[in-house]
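coords-v3.cif follows; it contains mmCIF, C-alpha atoms and all ligand atoms.
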```cif
data_query
#
loop_
_atom_site.group_PDB
_atom_site.id
_atom_site.type_symbol
_atom_site.label_atom_id
_atom_site.label_comp_id
_atom_site.auth_asym_id
_atom_site.auth_seq_id
_atom_site.Cartn_x
_atom_site.Cartn_y
_atom_site.Cartn_z
ATOM 1 C CA MET A 757 32.594 232.040 83.509
ATOM 2 C CA ALA A 758 30.163 230.676 80.917
ATOM 3 C CA ARG A 759 27.278 228.336 81.802
ATOM 4 C CA PHE A 760 26.835 225.114 79.845
ATOM 5 C CA ALA A 761 23.700 223.756 78.181
ATOM 6 C CA ALA A 762 23.294 220.237 76.782
ATOM 7 C CA ASN A 763 21.824 220.115 73.293
ATOM 8 C CA LEU A 764 19.343 217.284 73.820
ATOM 9 C CA THR A 765 18.925 216.722 70.080
ATOM 10 C CA TYR A 766 22.574 215.578 70.045
ATOM 11 C CA LEU A 767 23.336 214.438 73.618
ATOM 12 C CA PHE A 768 21.784 211.706 75.775
ATOM 13 C CA THR A 769 20.053 210.244 72.728
ATOM 14 C CA GLU A 770 20.464 206.865 74.466
ATOM 15 C CA LEU A 771 17.289 207.936 76.358
ATOM 16 C CA PRO A 772 13.799 209.094 75.315
ATOM 17 C CA MET A 773 13.636 212.911 75.089
ATOM 18 C CA LEU A 774 11.890 213.558 78.393
ATOM 19 C CA GLN A 775 14.420 211.459 80.323
ATOM 20 C CA ARG A 776 17.354 213.348 78.795
ATOM 21 C CA PHE A 777 16.686 216.344 81.079
ATOM 22 C CA ALA A 778 17.491 214.481 84.316
ATOM 23 C CA ALA A 779 20.568 212.916 82.688
ATOM 24 C CA ALA A 780 21.804 216.383 81.668
ATOM 25 C CA ARG A 781 21.354 217.696 85.219
ATOM 26 C CA ARG A 782 23.168 214.679 86.712
ATOM 27 C CA ALA A 783 26.047 215.247 84.296
ATOM 28 C CA GLY A 784 26.449 218.856 85.506
ATOM 29 C CA PHE A 785 24.675 220.946 82.848
ATOM 30 C CA ASP A 786 22.585 223.946 83.955
ATOM 31 C CA GLY A 787 20.551 224.351 80.770
ATOM 32 C CA VAL A 788 19.278 222.551 77.679
ATOM 33 C CA GLU A 789 18.764 223.189 73.972
ATOM 34 C CA ILE A 790 16.427 221.306 71.606
ATOM 35 C CA LEU A 791 16.627 222.074 67.885
ATOM 36 C CA PHE A 792 12.998 221.445 66.956
ATOM 37 C CA PRO A 793 10.795 220.657 69.987
ATOM 38 C CA TYR A 794 7.505 221.073 68.089
ATOM 39 C CA ASP A 795 6.446 217.441 68.144
ATOM 40 C CA LEU A 796 6.409 217.377 71.945
ATOM 41 C CA PRO A 797 3.735 219.092 74.057
ATOM 42 C CA ALA A 798 5.232 222.245 75.634
ATOM 43 C CA LYS A 799 3.656 221.266 78.984
ATOM 44 C CA GLU A 800 5.684 218.042 79.177
ATOM 45 C CA LEU A 801 8.906 219.814 78.242
ATOM 46 C CA ILE A 802 8.311 222.515 80.855
ATOM 47 C CA ALA A 803 7.669 219.883 83.534
ATOM 48 C CA ALA A 804 10.825 217.951 82.609
ATOM 49 C CA ALA A 805 12.962 221.107 82.725
ATOM 50 C CA GLN A 806 11.454 222.226 86.032
ATOM 51 C CA GLU A 807 11.903 218.826 87.683
ATOM 52 C CA SER A 808 15.610 218.994 86.881
ATOM 53 C CA SER A 809 15.979 222.728 87.546
ATOM 54 C CA LEU A 810 17.249 223.314 84.013
ATOM 55 C CA ARG A 811 16.888 226.494 81.980
ATOM 56 C CA PHE A 812 15.619 226.188 78.401
ATOM 57 C CA VAL A 813 18.362 227.997 76.517
ATOM 58 C CA LEU A 814 17.719 227.588 72.794
ATOM 59 C CA MET A 815 15.346 226.300 70.150
ATOM 60 C CA ASN A 816 15.068 226.917 66.395
ATOM 61 C CA THR A 817 12.300 228.354 64.252
ATOM 62 C CA PRO A 818 10.603 225.489 62.401
ATOM 63 C CA PRO A 819 11.742 223.943 59.129
ATOM 64 C CA PRO A 820 9.207 224.265 56.255
ATOM 65 C CA ASN A 821 7.819 220.877 57.176
ATOM 66 C CA TRP A 822 7.419 220.475 60.971
ATOM 67 C CA ALA A 823 8.912 217.017 60.844
ATOM 68 C CA GLY A 824 11.996 217.939 58.808
ATOM 69 C CA GLY A 825 13.202 219.359 55.528
ATOM 70 C CA PRO A 826 15.571 222.245 54.815
ATOM 71 C CA ARG A 827 16.495 224.503 57.718
ATOM 72 C CA GLY A 828 14.163 227.493 57.856
ATOM 73 C CA PHE A 829 13.184 229.935 55.153
ATOM 74 C CA ALA A 830 13.607 233.476 56.517
ATOM 75 C CA ALA A 831 15.706 234.425 53.455
ATOM 76 C CA GLU A 832 13.469 232.792 50.851
ATOM 77 C CA PRO A 833 11.679 235.374 48.663
ATOM 78 C CA GLY A 834 7.979 234.584 48.277
ATOM 79 C CA ASN A 835 7.623 232.817 51.649
ATOM 80 C CA GLU A 836 7.093 235.933 53.790
ATOM 81 C CA THR A 837 3.514 235.156 54.839
ATOM 82 C CA ARG A 838 4.460 231.635 55.850
ATOM 83 C CA PHE A 839 7.505 232.969 57.698
ATOM 84 C CA ARG A 840 5.311 235.230 59.800
ATOM 85 C CA SER A 841 2.774 232.602 60.766
ATOM 86 C CA ASP A 842 5.495 230.055 61.545
ATOM 87 C CA PHE A 843 7.446 232.623 63.535
ATOM 88 C CA ASP A 844 4.355 233.325 65.640
ATOM 89 C CA ARG A 845 3.961 229.624 66.344
ATOM 90 C CA ALA A 846 7.640 229.316 67.293
ATOM 91 C CA LEU A 847 7.351 232.395 69.500
ATOM 92 C CA ARG A 848 4.352 230.991 71.404
ATOM 93 C CA TYR A 849 6.351 227.837 72.025
ATOM 94 C CA ALA A 850 9.505 229.745 72.990
ATOM 95 C CA GLU A 851 7.566 231.964 75.408
ATOM 96 C CA ALA A 852 5.868 228.973 77.030
ATOM 97 C CA LEU A 853 9.260 227.305 77.509
ATOM 98 C CA GLN A 854 10.821 230.634 78.539
ATOM 99 C CA VAL A 855 13.778 229.998 76.245
ATOM 100 C CA ALA A 856 16.712 232.386 76.427
ATOM 101 C CA HIS A 857 17.238 232.433 72.619
ATOM 102 C CA LEU A 858 15.216 231.647 69.516
ATOM 103 C CA HIS A 859 17.374 230.801 66.491
ATOM 104 C CA VAL A 860 15.819 232.195 63.295
ATOM 105 C CA MET A 861 16.890 229.941 60.430
ATOM 106 C CA ALA A 862 17.558 231.576 57.068
ATOM 107 C CA GLY A 863 17.140 228.553 54.792
ATOM 108 C CA LYS A 864 18.557 227.956 51.330
ATOM 109 C CA ALA A 865 18.677 231.035 49.102
ATOM 110 C CA GLU A 866 21.156 233.335 47.388
ATOM 111 C CA GLY A 867 21.543 236.822 45.925
ATOM 112 C CA PRO A 868 20.393 240.365 46.741
ATOM 113 C CA LYS A 869 16.684 239.483 46.818
ATOM 114 C CA ALA A 870 17.303 236.853 49.481
ATOM 115 C CA ARG A 871 19.336 239.329 51.546
ATOM 116 C CA GLU A 872 16.522 241.881 51.302
ATOM 117 C CA THR A 873 13.917 239.260 52.251
ATOM 118 C CA LEU A 874 15.943 238.217 55.304
ATOM 119 C CA LEU A 875 16.354 241.845 56.387
ATOM 120 C CA ARG A 876 12.612 242.589 56.097
ATOM 121 C CA ASN A 877 11.618 239.355 57.874
ATOM 122 C CA LEU A 878 14.086 239.998 60.702
ATOM 123 C CA GLU A 879 12.990 243.618 61.139
ATOM 124 C CA TRP A 880 9.428 242.359 61.448
ATOM 125 C CA ALA A 881 10.443 239.558 63.869
ATOM 126 C CA CYS A 882 12.509 241.888 66.090
ATOM 127 C CA ALA A 883 9.538 244.233 66.439
ATOM 128 C CA ARG A 884 7.144 241.317 66.979
ATOM 129 C CA ALA A 885 9.228 239.799 69.808
ATOM 130 C CA PRO A 886 11.024 242.676 71.551
ATOM 131 C CA GLU A 887 11.570 240.632 74.730
ATOM 132 C CA MET A 888 13.039 237.573 72.971
ATOM 133 C CA SER A 889 16.706 237.214 72.006
ATOM 134 C CA LEU A 890 16.705 236.168 68.332
ATOM 135 C CA THR A 891 19.882 234.622 66.919
ATOM 136 C CA LEU A 892 21.410 234.068 63.481
ATOM 137 C CA GLU A 893 23.875 231.235 62.944
ATOM 138 C CA PRO A 894 26.135 230.907 59.895
ATOM 139 C CA MET A 895 26.373 227.307 58.622
ATOM 140 C CA ASN A 896 29.251 225.753 56.715
ATOM 141 C CA SER A 897 28.584 224.688 53.143
ATOM 142 C CA SER A 898 29.794 221.082 53.578
ATOM 143 C CA ASP A 899 27.132 220.279 56.179
ATOM 144 C CA MET A 900 24.476 222.658 54.827
ATOM 145 C CA PRO A 901 25.013 223.324 51.092
ATOM 146 C CA GLY A 902 23.201 226.410 49.813
ATOM 147 C CA TYR A 903 22.371 227.847 53.263
ATOM 148 C CA PHE A 904 22.071 231.606 52.855
ATOM 149 C CA LEU A 905 24.065 232.620 55.966
ATOM 150 C CA ASP A 906 27.364 231.036 55.029
ATOM 151 C CA SER A 907 29.780 233.405 56.788
ATOM 152 C CA PHE A 908 30.104 235.141 60.146
ATOM 153 C CA ASP A 909 30.872 238.419 58.368
ATOM 154 C CA LEU A 910 27.559 238.272 56.477
ATOM 155 C CA ALA A 911 25.618 237.452 59.672
ATOM 156 C CA SER A 912 27.277 240.328 61.578
ATOM 157 C CA GLU A 913 26.649 242.696 58.671
ATOM 158 C CA ILE A 914 22.923 241.870 58.816
ATOM 159 C CA ILE A 915 22.821 242.203 62.613
ATOM 160 C CA ASP A 916 24.540 245.607 62.349
ATOM 161 C CA GLU A 917 22.184 246.745 59.615
ATOM 162 C CA ILE A 918 19.082 245.845 61.647
ATOM 163 C CA ASP A 919 20.671 247.253 64.799
ATOM 164 C CA GLN A 920 18.180 245.946 67.368
ATOM 165 C CA PRO A 921 19.268 244.776 70.836
ATOM 166 C CA ASN A 922 17.208 241.568 70.546
ATOM 167 C CA LEU A 923 19.065 240.313 67.438
ATOM 168 C CA GLY A 924 22.482 238.682 67.852
ATOM 169 C CA LEU A 925 24.892 236.050 66.639
ATOM 170 C CA GLN A 926 24.863 232.364 67.531
ATOM 171 C CA PHE A 927 28.608 231.723 67.531
ATOM 172 C CA ASP A 928 28.986 228.009 66.836
ATOM 173 C CA VAL A 929 32.718 227.337 67.192
ATOM 174 C CA TYR A 930 32.540 224.252 64.970
ATOM 175 C CA GLN A 931 30.850 226.304 62.238
ATOM 176 C CA ALA A 932 33.437 229.107 62.656
ATOM 177 C CA HIS A 933 36.291 226.622 62.256
ATOM 178 C CA MET A 934 34.704 224.968 59.224
ATOM 179 C CA ILE A 935 33.969 228.309 57.529
ATOM 180 C CA HIS A 936 36.847 230.584 58.503
ATOM 181 C CA GLY A 937 39.530 228.327 60.028
ATOM 182 C CA ASP A 938 40.799 230.818 62.587
ATOM 183 C CA VAL A 939 38.293 230.564 65.441
ATOM 184 C CA ILE A 940 39.925 233.050 67.811
ATOM 185 C CA HIS A 941 40.268 235.722 65.168
ATOM 186 C CA THR A 942 36.660 235.117 64.111
ATOM 187 C CA TRP A 943 35.572 235.406 67.764
ATOM 188 C CA GLU A 944 37.482 238.662 68.204
ATOM 189 C CA ARG A 945 35.723 240.130 65.150
ATOM 190 C CA HIS A 946 32.240 239.046 66.207
ATOM 191 C CA ALA A 947 32.202 238.789 70.039
ATOM 192 C CA ARG A 948 30.428 242.163 70.254
ATOM 193 C CA ASN A 949 27.408 240.729 68.403
ATOM 194 C CA THR A 950 27.326 237.318 70.114
ATOM 195 C CA HIS A 951 24.307 236.289 72.198
ATOM 196 C CA HIS A 952 25.002 232.552 72.366
ATOM 197 C CA ILE A 953 27.907 230.101 71.815
ATOM 198 C CA GLN A 954 27.882 226.444 70.731
ATOM 199 C CA ILE A 955 30.808 224.017 70.818
ATOM 200 C CA ALA A 956 31.967 220.776 69.165
ATOM 201 C CA GLY A 957 35.286 219.309 68.099
ATOM 202 C CA CYS A 958 36.583 219.204 64.566
ATOM 203 C CA PRO A 959 36.879 217.067 62.482
ATOM 204 C CA GLY A 960 33.818 214.931 63.007
ATOM 205 C CA ARG A 961 31.741 217.240 65.211
ATOM 206 C CA HIS A 962 32.443 215.123 68.282
ATOM 207 C CA GLU A 963 33.418 216.148 71.845
ATOM 208 C CA PRO A 964 35.096 219.587 72.174
ATOM 209 C CA ARG A 965 38.719 219.878 73.305
ATOM 210 C CA ALA A 966 39.913 217.117 70.979
ATOM 211 C CA GLY A 967 41.062 217.781 67.461
ATOM 212 C CA GLU A 968 41.896 220.927 65.543
ATOM 213 C CA ILE A 969 40.187 223.608 67.659
ATOM 214 C CA ASN A 970 42.132 225.218 70.500
ATOM 215 C CA TYR A 971 39.326 225.344 73.072
ATOM 216 C CA ALA A 972 41.567 226.437 75.965
ATOM 217 C CA GLY A 973 42.577 229.486 73.906
ATOM 218 C CA PHE A 974 39.015 230.080 72.763
ATOM 219 C CA PHE A 975 37.638 230.118 76.323
ATOM 220 C CA ARG A 976 40.406 232.500 77.399
ATOM 221 C CA ALA A 977 39.297 234.834 74.581
ATOM 222 C CA VAL A 978 35.643 234.425 75.642
ATOM 223 C CA ASP A 979 36.509 235.371 79.235
ATOM 224 C CA ALA A 980 38.629 238.289 78.035
ATOM 225 C CA ALA A 981 35.634 239.592 76.063
ATOM 226 C CA GLY A 982 33.513 239.424 79.234
ATOM 227 C CA PHE A 983 30.947 237.045 77.685
ATOM 228 C CA ARG A 984 28.526 235.907 80.402
ATOM 229 C CA GLY A 985 26.021 233.969 78.296
ATOM 230 C CA TRP A 986 25.367 230.299 77.648
ATOM 231 C CA VAL A 987 27.529 227.752 75.858
ATOM 232 C CA GLY A 988 25.598 224.909 74.190
ATOM 233 C CA ALA A 989 27.241 221.509 73.765
ATOM 234 C CA GLU A 990 26.091 220.558 70.262
ATOM 235 C CA TYR A 991 28.067 217.523 69.175
ATOM 236 C CA THR A 992 27.695 213.855 68.345
ATOM 237 C CA PRO A 993 29.353 211.781 71.089
ATOM 238 C CA ARG A 994 32.089 209.461 69.821
ATOM 239 C CA THR A 995 30.697 206.578 71.893
ATOM 240 C CA SER A 996 28.205 207.206 74.681
ATOM 241 C CA THR A 997 27.313 210.689 75.956
ATOM 242 C CA GLU A 998 28.519 209.870 79.499
ATOM 243 C CA ALA A 999 31.857 208.512 78.329
ATOM 244 C CA GLY A 1000 32.645 211.770 76.518
ATOM 245 C CA LEU A 1001 31.901 214.300 79.263
ATOM 246 C CA ARG A 1002 35.412 214.748 80.692
ATOM 247 C CA TRP A 1003 35.637 218.148 78.960
ATOM 248 C CA LEU A 1004 32.670 219.403 81.060
ATOM 249 C CA ARG A 1005 34.184 218.284 84.346
ATOM 250 C CA SER A 1006 37.404 220.137 83.617
ATOM 251 C CA ALA A 1007 35.697 223.281 82.186
HETATM 252 O O1 LIG B 1101 23.799 222.857 62.901
HETATM 253 C C1 LIG B 1101 23.960 223.706 63.782
HETATM 254 O O2 LIG B 1101 25.090 224.074 64.126
HETATM 255 C C2 LIG B 1101 22.829 224.328 64.473
HETATM 256 O O3 LIG B 1101 23.020 224.921 65.507
HETATM 257 C C3 LIG B 1101 21.485 224.315 63.897
HETATM 258 O O4 LIG B 1101 20.580 224.918 64.746
HETATM 259 C C4 LIG B 1101 21.013 223.030 63.391
HETATM 260 O O5 LIG B 1101 19.697 223.147 62.970
HETATM 261 MG MG MG B 1102 25.079 225.193 65.942
#
```

Can you dump the structure from the file as structure tokens?
Amino acid sequence: MARFAANLTYLFTELPMLQRFAAARRAGFDGVEILFPYDLPAKELIAAAQESSLRFVLMNTPPPNWAGGPRGFAAEPGNETRFRSDFDRALRYAEALQVAHLHVMAGKAEGPKARETLLRNLEWACARAPEMSLTLEPMNSSDMPGYFLDSFDLASEIIDEIDQPNLGLQFDVYQAHMIHGDVIHTWERHARNTHHIQIAGCPGRHEPRAGEINYAGFFRAVDAAGFRGWVGAEYTPRTSTEAGLRWLRSA
């Protein structure tokens, strides 16, 4: 049975960030994700997670500008030096928070040079952080036009090519549905590489278990594959966070 983490960038946004931890625990989550925690002192985040007995499950490597901008740049030729110094900063943060996974964002790029750049940067990062699970997440081109990792097949190909135990797939079910349509088939092809799962409904990226995605079937396939990792709830609540949590109570 999977364990659930609340993505605090999306959920409980009715509250200031540090109060979202206790709300997540009260709602029944065992872990949390934050996309870009860099503006908050790690000490305060650690204290908030400890007070609520929550595990830090996931954070992302920084965007080019700490406060925002395009998502990552691991595949951008010419930015290798910056990638390394930013990765080190993200790693220090991730180690302090004891996160389970650090999502390495590829950024906007295309072509063979970008693929080569991503491979070299990831080889370096895997060797630099042998104890940290690093993840790659394909993004759909409607939400993230031009993002280099735009298919699960490409992400798995890169993971296979690097072939290091600390590099795996971040299987976002919403992204899989938007990109490939057939979520269960996509899961069956890529379960072997998956380190982390995220969920949301489609269309609209709201609560899971409503809409086009067959979540009951997906979770049966996840159990059949023997996945024992975390599942992050990364969606925009239709109304309030609390009002949309029925799916968690019946999971
Ligand atoms: O958009 C998503 O699905 C993600 O998980 C990214 O980390 C957003 O930055
Ligand atoms: Mg995601």

Which residues of chain A sit at most 10 Å from ligand LIG 1101 (chain B), using all atoms listed in the file? Give each one's shortest atom pair and distance in Å (one decimal place), in chain and ascending residue order, as JSON lines.
```
{"residue": "A:Asn763", "atom": "CA", "partner": "B:LIG1101", "partner_atom": "O3", "distance": 9.2}
{"residue": "A:Thr765", "atom": "CA", "partner": "B:LIG1101", "partner_atom": "C4", "distance": 9.4}
{"residue": "A:Glu789", "atom": "CA", "partner": "B:LIG1101", "partner_atom": "O4", "distance": 9.6}
{"residue": "A:Ile790", "atom": "CA", "partner": "B:LIG1101", "partner_atom": "O4", "distance": 8.8}
{"residue": "A:Leu791", "atom": "CA", "partner": "B:LIG1101", "partner_atom": "O4", "distance": 5.8}
{"residue": "A:Phe792", "atom": "CA", "partner": "B:LIG1101", "partner_atom": "O5", "distance": 8.0}
{"residue": "A:Leu814", "atom": "CA", "partner": "B:LIG1101", "partner_atom": "O4", "distance": 8.9}
{"residue": "A:Met815", "atom": "CA", "partner": "B:LIG1101", "partner_atom": "O4", "distance": 7.6}
{"residue": "A:Asn816", "atom": "CA", "partner": "B:LIG1101", "partner_atom": "O4", "distance": 6.1}
{"residue": "A:Thr817", "atom": "CA", "partner": "B:LIG1101", "partner_atom": "O4", "distance": 9.0}
{"residue": "A:Pro818", "atom": "CA", "partner": "B:LIG1101", "partner_atom": "O5", "distance": 9.4}
{"residue": "A:Pro819", "atom": "CA", "partner": "B:LIG1101", "partner_atom": "O5", "distance": 8.9}
{"residue": "A:Pro826", "atom": "CA", "partner": "B:LIG1101", "partner_atom": "O5", "distance": 9.2}
{"residue": "A:Arg827", "atom": "CA", "partner": "B:LIG1101", "partner_atom": "O5", "distance": 6.3}
{"residue": "A:Gly828", "atom": "CA", "partner": "B:LIG1101", "partner_atom": "O5", "distance": 8.7}
{"residue": "A:Leu858", "atom": "CA", "partner": "B:LIG1101", "partner_atom": "O4", "distance": 9.8}
{"residue": "A:His859", "atom": "CA", "partner": "B:LIG1101", "partner_atom": "O4", "distance": 6.9}
{"residue": "A:Val860", "atom": "CA", "partner": "B:LIG1101", "partner_atom": "O4", "distance": 8.8}
{"residue": "A:Met861", "atom": "CA", "partner": "B:LIG1101", "partner_atom": "O4", "distance": 7.6}
{"residue": "A:Thr891", "atom": "CA", "partner": "B:LIG1101", "partner_atom": "O4", "distance": 10.0}
{"residue": "A:Leu892", "atom": "CA", "partner": "B:LIG1101", "partner_atom": "O4", "distance": 9.3}
{"residue": "A:Glu893", "atom": "CA", "partner": "B:LIG1101", "partner_atom": "O3", "distance": 6.9}
{"residue": "A:Pro894", "atom": "CA", "partner": "B:LIG1101", "partner_atom": "O2", "distance": 8.1}
{"residue": "A:Met895", "atom": "CA", "partner": "B:LIG1101", "partner_atom": "O2", "distance": 6.5}
{"residue": "A:Asn896", "atom": "CA", "partner": "B:LIG1101", "partner_atom": "O2", "distance": 8.7}
{"residue": "A:Asp899", "atom": "CA", "partner": "B:LIG1101", "partner_atom": "O1", "distance": 7.9}
{"residue": "A:Met900", "atom": "CA", "partner": "B:LIG1101", "partner_atom": "O1", "distance": 8.1}
{"residue": "A:Gln926", "atom": "CA", "partner": "B:LIG1101", "partner_atom": "O3", "distance": 7.9}
{"residue": "A:Phe927", "atom": "CA", "partner": "B:LIG1101", "partner_atom": "O3", "distance": 9.0}
{"residue": "A:Asp928", "atom": "CA", "partner": "B:LIG1101", "partner_atom": "O2", "distance": 6.2}
{"residue": "A:Val929", "atom": "CA", "partner": "B:LIG1101", "partner_atom": "O2", "distance": 8.8}
{"residue": "A:Tyr930", "atom": "CA", "partner": "B:LIG1101", "partner_atom": "O2", "distance": 7.5}
{"residue": "A:Gln931", "atom": "CA", "partner": "B:LIG1101", "partner_atom": "O2", "distance": 6.5}
{"residue": "A:Ala932", "atom": "CA", "partner": "B:LIG1101", "partner_atom": "O2", "distance": 9.9}
{"residue": "A:Ile953", "atom": "CA", "partner": "B:LIG1101", "partner_atom": "O3", "distance": 9.5}
{"residue": "A:Gln954", "atom": "CA", "partner": "B:LIG1101", "partner_atom": "O3", "distance": 7.3}
{"residue": "A:Ile955", "atom": "CA", "partner": "B:LIG1101", "partner_atom": "O2", "distance": 8.8}
{"residue": "A:Ala956", "atom": "CA", "partner": "B:LIG1101", "partner_atom": "O2", "distance": 9.1}
{"residue": "A:Arg961", "atom": "CA", "partner": "B:LIG1101", "partner_atom": "O2", "distance": 9.6}
{"residue": "A:Gly988", "atom": "CA", "partner": "B:LIG1101", "partner_atom": "O3", "distance": 9.1}
{"residue": "A:Ala989", "atom": "CA", "partner": "B:LIG1101", "partner_atom": "O3", "distance": 9.9}
{"residue": "A:Glu990", "atom": "CA", "partner": "B:LIG1101", "partner_atom": "O2", "distance": 7.1}
{"residue": "A:Tyr991", "atom": "CA", "partner": "B:LIG1101", "partner_atom": "O2", "distance": 8.8}
```

Counting all atoms listed in the file, the option among A:Ala762, A:Leu774, A:Cys958, A:Leu890 closest to A:Leu1004: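 Ranking A:Ala762, A:Leu774, A:Cys958, A:Leu890 by distance to A:Leu1004, first place goes to A:Ala762.
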
Between atom CA of A:Val813 and atom CA of A:Leu767, what is the distance, to one decimal in Å?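 We find that atom CA of A:Val813 and atom CA of A:Leu767 lie 14.7 Å from each other.
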
State, in Å with one decimal place, the distance from atom CA of A:Phe983 to atom CA of A:Ala947. 7.9 Å

Taking all atoms listed in the file into account, which of A:Asn877, A:Arg965, A:Glu836, A:Asp786 comes nearest A:Arg1002?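 Looking only at the distances to A:Arg1002, the closest residue turns out to be A:Arg965.
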
Centre, edges in Å (one decimal): axis-aligned box, stretch 916-922 of chain A, 5 Å padding on all six sides, as JSON:
```
{"center_x": 20.9, "center_y": 244.4, "center_z": 65.2, "size_x": 17.3, "size_y": 15.7, "size_z": 21.2}
```

Neighbour residues at most 10 Å from (32.7, 211.0, 70.9) (all atoms listed in the file) as a list in words: Ala956, Gly957, Gly960, Arg961, His962, Glu963, Pro964, Ala966, Tyr991, Thr992, Pro993, Arg994, Thr995, Ser996, Thr997, Glu998, Ala999, Gly1000 and Leu1001 of chain A

Report, in Å with one decimal, the straight-line distance from atom CA of A:Gln806 to atom CA of A:Glu851.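 Straight-line distance from atom CA of A:Gln806 to atom CA of A:Glu851 works out to 14.9 Å.
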
If the PyMOL selection byres (((chain A and resi 923) around 7) and not hetatm) is run on the structure shown, which residues does it catch, given as a PyMOL selection string? chain A and resi 882+889-891+915+920-922+924

Taking all atoms listed in the file into account, which of A:Arg876, A:Leu910, A:His933, A:Asp795 comes nearest ligand MG 1102 (chain B)? A:His933

Under the PyMOL selection byres (((chain A and resi 902-905) around 6) and not hetatm), which residues of this model are included? Write them out as a list in words. Gly863, Lys864, Ala865, Glu866, Pro894, Met900, Pro901, Asp906 and Ser907 of chain A

So which residues get picked by the PyMOL selection byres (((chain A and resi 837-842) around 12) and not hetatm) here, written as an MDAnalysis selection string? chainID A and resid 794 816:822 828:836 843:849 860:863 873:874 876:885

I'd like to know which of A:Trp943, A:Arg984, A:Ala758, A:Tyr766 is closest to ligand MG 1102 (chain B), using only C-alpha atoms and all ligand atoms.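 The closest residue to ligand MG 1102 (chain B) is A:Tyr766.
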
For ligand MG 1102 (chain B), which residue out of A:Thr769, A:Pro793, A:Ala779, A:His952 is the nearest one, using all atoms listed in the file?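 When distances to ligand MG 1102 (chain B) are compared using all atoms listed in the file, the smallest one comes from A:His952.
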
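Excluding A:Ala977 itself and same-chain residues fewer than 6 positions from it, the residues having an atom within 12 Å of it are Met757, Ala758, Val939, Ile940, His941, Thr942, Trp943, Glu944, Arg945, His946, Ala947, Asn970, Tyr971 and Phe983 of chain A, counting all atoms listed in the file.
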
Hey, which of A:Met934, A:Ile969, A:Phe975, A:Ser1006 ends up closest to ligand MG 1102 (chain B)? Count all atoms listed in the file.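 Looking at the shortest contact to ligand MG 1102 (chain B), the residue is A:Met934.
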
List the neighbours of A:Ser808 out to 12 Å using only C-alpha atoms; skip same-chain residues closer than 5 positions along the sequence, and give me the result as JSON, numbers by chain. {"A": [774, 775, 776, 777, 778, 779, 780, 781, 782, 783, 784, 785, 786, 787, 788, 801, 802, 803]}
